[in-house]
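Asker: Provided below: work.pdb, containing PDB, C-alpha atoms, pLDDT in the B column.
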ATOM      1  CA  MET D   1       6.194   4.466   3.516  1.00 38.00           C
ATOM      2  CA  THR D   2       3.731   3.713   0.777  1.00 46.00           C
ATOM      3  CA  GLY D   3       1.788   6.473  -0.817  1.00 52.00           C
ATOM      4  CA  ILE D   4      -0.481   6.438  -3.815  1.00 57.00           C
ATOM      5  CA  THR D   5      -0.942   9.493  -5.949  1.00 55.00           C
ATOM      6  CA  GLY D   6      -2.839  10.211  -9.144  1.00 53.00           C
ATOM      7  CA  LEU D   7      -6.237   9.847  -7.538  1.00 53.00           C
ATOM      8  CA  GLY D   8      -7.829  13.031  -8.829  1.00 53.00           C
ATOM      9  CA  LYS D   9     -11.116  13.040 -10.707  1.00 53.00           C
ATOM     10  CA  LYS D  10      -9.353  13.711 -14.007  1.00 57.00           C
ATOM     11  CA  ASN D  11      -6.699  11.034 -13.543  1.00 54.00           C
ATOM     12  CA  THR D  12      -7.168   7.439 -14.550  1.00 51.00           C
ATOM     13  CA  PHE D  13      -3.780   6.223 -13.351  1.00 56.00           C
ATOM     14  CA  VAL D  14      -2.346   5.337  -9.990  1.00 60.00           C
ATOM     15  CA  LEU D  15       1.301   6.025  -9.214  1.00 61.00           C
ATOM     16  CA  THR D  16       2.847   4.179  -6.303  1.00 66.00           C
ATOM     17  CA  ILE D  17       5.538   5.916  -4.295  1.00 68.00           C
ATOM     18  CA  ARG D  18       7.632   4.041  -1.763  1.00 72.00           C
ATOM     19  CA  ASP D  19      10.883   4.653   0.015  1.00 81.00           C
ATOM     20  CA  ALA D  20      11.637   1.267   1.583  1.00 82.00           C
ATOM     21  CA  ASP D  21      15.137   1.402   0.110  1.00 84.00           C
ATOM     22  CA  VAL D  22      15.864   4.580   2.078  1.00 88.00           C
ATOM     23  CA  VAL D  23      14.544   3.015   5.283  1.00 89.00           C
ATOM     24  CA  ALA D  24      16.580  -0.171   4.710  1.00 88.00           C
ATOM     25  CA  ALA D  25      19.742   1.870   4.116  1.00 90.00           C
ATOM     26  CA  ALA D  26      19.167   3.818   7.338  1.00 92.00           C
ATOM     27  CA  LEU D  27      18.668   0.573   9.259  1.00 93.00           C
ATOM     28  CA  ARG D  28      21.844  -0.922   7.767  1.00 93.00           C
ATOM     29  CA  GLN D  29      23.743   2.165   8.861  1.00 94.00           C
ATOM     30  CA  ALA D  30      22.251   1.844  12.352  1.00 94.00           C
ATOM     31  CA  VAL D  31      23.377  -1.801  12.543  1.00 94.00           C
ATOM     32  CA  ALA D  32      26.953  -0.747  11.775  1.00 93.00           C
ATOM     33  CA  GLY D  33      27.086   1.396  14.913  1.00 92.00           C
ATOM     34  CA  ALA D  34      24.748  -0.641  17.110  1.00 93.00           C
ATOM     35  CA  ALA D  35      25.596  -2.364  20.343  1.00 94.00           C
ATOM     36  CA  PRO D  36      25.600  -6.185  20.149  1.00 94.00           C
ATOM     37  CA  GLU D  37      22.295  -6.445  22.018  1.00 95.00           C
ATOM     38  CA  GLU D  38      20.592  -4.073  19.532  1.00 94.00           C
ATOM     39  CA  ARG D  39      21.756  -5.864  16.385  1.00 94.00           C
ATOM     40  CA  PRO D  40      19.227  -8.737  16.335  1.00 94.00           C
ATOM     41  CA  GLY D  41      16.290  -6.318  16.478  1.00 94.00           C
ATOM     42  CA  LEU D  42      17.733  -4.069  13.795  1.00 93.00           C
ATOM     43  CA  GLU D  43      18.529  -7.040  11.570  1.00 94.00           C
ATOM     44  CA  ARG D  44      14.930  -8.256  11.948  1.00 94.00           C
ATOM     45  CA  ALA D  45      13.707  -4.770  11.027  1.00 93.00           C
ATOM     46  CA  ILE D  46      15.882  -4.842   7.892  1.00 92.00           C
ATOM     47  CA  ALA D  47      14.413  -8.208   6.903  1.00 91.00           C
ATOM     48  CA  LEU D  48      10.870  -6.859   7.340  1.00 88.00           C
ATOM     49  CA  VAL D  49      11.587  -3.741   5.283  1.00 88.00           C
ATOM     50  CA  GLU D  50      13.197  -5.798   2.539  1.00 86.00           C
ATOM     51  CA  SER D  51      10.250  -8.210   2.387  1.00 83.00           C
ATOM     52  CA  THR D  52       7.853  -5.281   2.113  1.00 80.00           C
ATOM     53  CA  ALA D  53      10.006  -3.693  -0.584  1.00 81.00           C
ATOM     54  CA  ALA D  54       9.769  -6.923  -2.588  1.00 80.00           C
ATOM     55  CA  ALA D  55       6.010  -6.479  -3.046  1.00 81.00           C
ATOM     56  CA  ASN D  56       4.972  -5.538  -6.559  1.00 85.00           C
ATOM     57  CA  GLU D  57       2.760  -2.580  -7.397  1.00 85.00           C
ATOM     58  CA  GLY D  58      -0.429  -4.635  -7.544  1.00 87.00           C
ATOM     59  CA  GLN D  59       0.222  -6.045  -4.090  1.00 88.00           C
ATOM     60  CA  LEU D  60       0.858  -2.562  -2.724  1.00 86.00           C
ATOM     61  CA  HIS D  61      -2.345  -1.253  -4.278  1.00 89.00           C
ATOM     62  CA  ALA D  62      -4.289  -4.205  -2.851  1.00 92.00           C
ATOM     63  CA  ARG D  63      -2.839  -3.582   0.606  1.00 89.00           C
ATOM     64  CA  TRP D  64      -3.726   0.113   0.348  1.00 90.00           C
ATOM     65  CA  VAL D  65      -7.304  -0.649  -0.736  1.00 94.00           C
ATOM     66  CA  ARG D  66      -7.787  -3.057   2.150  1.00 95.00           C
ATOM     67  CA  SER D  67      -6.445  -0.537   4.645  1.00 92.00           C
ATOM     68  CA  ARG D  68      -8.719   2.206   3.324  1.00 93.00           C
ATOM     69  CA  LEU D  69     -11.758  -0.111   3.385  1.00 96.00           C
ATOM     70  CA  ALA D  70     -10.908  -1.248   6.910  1.00 95.00           C
ATOM     71  CA  ALA D  71     -10.713   2.401   7.997  1.00 93.00           C
ATOM     72  CA  THR D  72     -14.319   2.871   6.833  1.00 93.00           C
ATOM     73  CA  GLY D  73     -15.461  -0.281   8.620  1.00 95.00           C
ATOM     74  CA  PHE D  74     -16.227  -2.084   5.361  1.00 95.00           C
ATOM     75  CA  THR D  75     -16.325  -5.867   5.858  1.00 93.00           C
ATOM     76  CA  GLY D  76     -18.183  -6.960   2.740  1.00 94.00           C
ATOM     77  CA  ASP D  77     -17.063  -8.597  -0.483  1.00 95.00           C
ATOM     78  CA  LEU D  78     -14.130  -6.858  -2.172  1.00 95.00           C
ATOM     79  CA  ASP D  79     -15.612  -7.725  -5.547  1.00 95.00           C
ATOM     80  CA  SER D  80     -18.776  -5.689  -5.028  1.00 96.00           C
ATOM     81  CA  VAL D  81     -20.220  -2.317  -5.923  1.00 96.00           C
ATOM     82  CA  ALA D  82     -20.404  -1.614  -2.185  1.00 97.00           C
ATOM     83  CA  ALA D  83     -16.617  -1.977  -1.970  1.00 97.00           C
ATOM     84  CA  VAL D  84     -16.113   0.601  -4.724  1.00 96.00           C
ATOM     85  CA  ARG D  85     -18.579   2.911  -2.990  1.00 96.00           C
ATOM     86  CA  ALA D  86     -16.810   2.519   0.368  1.00 96.00           C
ATOM     87  CA  LEU D  87     -13.421   3.122  -1.250  1.00 95.00           C
ATOM     88  CA  ARG D  88     -14.664   6.305  -2.871  1.00 93.00           C
ATOM     89  CA  GLN D  89     -16.149   7.421   0.440  1.00 93.00           C
ATOM     90  CA  ALA D  90     -12.795   6.821   2.105  1.00 92.00           C
ATOM     91  CA  GLU D  91     -11.021   8.695  -0.694  1.00 89.00           C
ATOM     92  CA  PRO D  92     -13.475  11.290  -2.083  1.00 88.00           C
ATOM     93  CA  ARG D  93     -11.029  12.479  -4.777  1.00 86.00           C
ATOM     94  CA  LEU D  94     -10.784   8.975  -6.207  1.00 88.00           C
ATOM     95  CA  SER D  95     -12.366   8.734  -9.649  1.00 87.00           C
ATOM     96  CA  LEU D  96     -14.739   5.880 -10.378  1.00 90.00           C
ATOM     97  CA  LEU D  97     -12.343   4.477 -12.958  1.00 90.00           C
ATOM     98  CA  ALA D  98      -9.395   4.555 -10.539  1.00 89.00           C
ATOM     99  CA  ALA D  99     -11.524   3.020  -7.756  1.00 92.00           C
ATOM    100  CA  VAL D 100     -12.574   0.138  -9.990  1.00 93.00           C
ATOM    101  CA  HIS D 101      -8.967  -0.395 -11.096  1.00 91.00           C
ATOM    102  CA  LEU D 102      -7.786  -0.513  -7.477  1.00 93.00           C
ATOM    103  CA  GLN D 103     -10.655  -2.796  -6.512  1.00 95.00           C
ATOM    104  CA  LYS D 104      -9.679  -5.246  -9.258  1.00 95.00           C
ATOM    105  CA  GLU D 105      -6.097  -5.252  -8.007  1.00 93.00           C
ATOM    106  CA  ALA D 106      -7.291  -5.982  -4.461  1.00 95.00           C
ATOM    107  CA  VAL D 107      -9.369  -8.895  -5.739  1.00 96.00           C
ATOM    108  CA  ALA D 108      -6.450 -10.183  -7.838  1.00 95.00           C
ATOM    109  CA  HIS D 109      -4.034 -10.058  -4.881  1.00 93.00           C
ATOM    110  CA  PRO D 110      -5.689 -11.704  -1.879  1.00 90.00           C
ATOM    111  CA  GLU D 111      -3.927 -11.397   1.453  1.00 80.00           C
TER     112      GLU D 111
END
Could I get this structure in the form of structure tokens?
Answerer:
Amino acid sequence: MTGITGLGKKNTFVLTIRDADVVAAALRQAVAGAAPEERPGLERAIALVESTAAANEGQLHARWVRSRLAATGFTGDLDSVAAVRALRQAEPRLSLLAAVHLQKEAVAHPE
């Protein structure tokens, strides 16, 4: 799970919260008691969780911005005023400063 907090109008910071380590530990525990036919799928799930957990904060912010923009139907240039506007429409509590910061991270970390 990835969550971003600190988006209020008075906040100028973004705090990333993730619990991939908890999910990976639960999957490892499931592998220990899994039937042989279930193990390959669980091991693949562990690999996916670990690769996601390896993403840095900027990459997570960029991914979050893209998902929020996609939810609004925005298909324009990430490096535009329209992108900031769409992001703030998707997240009304997002301050202008925080939206611009997140936009810059999305531009800096292309998919």
Asker: Starting from the PyMOL selection byres ((chain D and resi 65) around 12), expand the selection into actual residues of this file and give them as JSON, numbers by chain.
Answerer: {"D": [2, 3, 4, 58, 59, 60, 61, 62, 63, 64, 66, 67, 68, 69, 70, 71, 72, 74, 78, 79, 83, 84, 86, 87, 88, 90, 91, 94, 98, 99, 100, 101, 102, 103, 104, 105, 106, 107, 108, 109, 110, 111]}
Asker: May I have the residues within 12 Å of range 37-53 of chain D as a PyMOL selection string, using all atoms listed in the file and disregarding those fewer than 2 positions away in the same chain?
Answerer: chain D and resi 1-2+17-35+55-57+59-60+63
Asker: Emit as JSON the padded axis-aligned box for all listed atoms of range 49-67 of chain D, 4 Å per side, with centre and edge lengths in Å to one decimal.
Answerer:
{"center_x": 2.7, "center_y": -4.0, "center_z": -1.1, "size_x": 29.0, "size_y": 16.3, "size_z": 20.8}
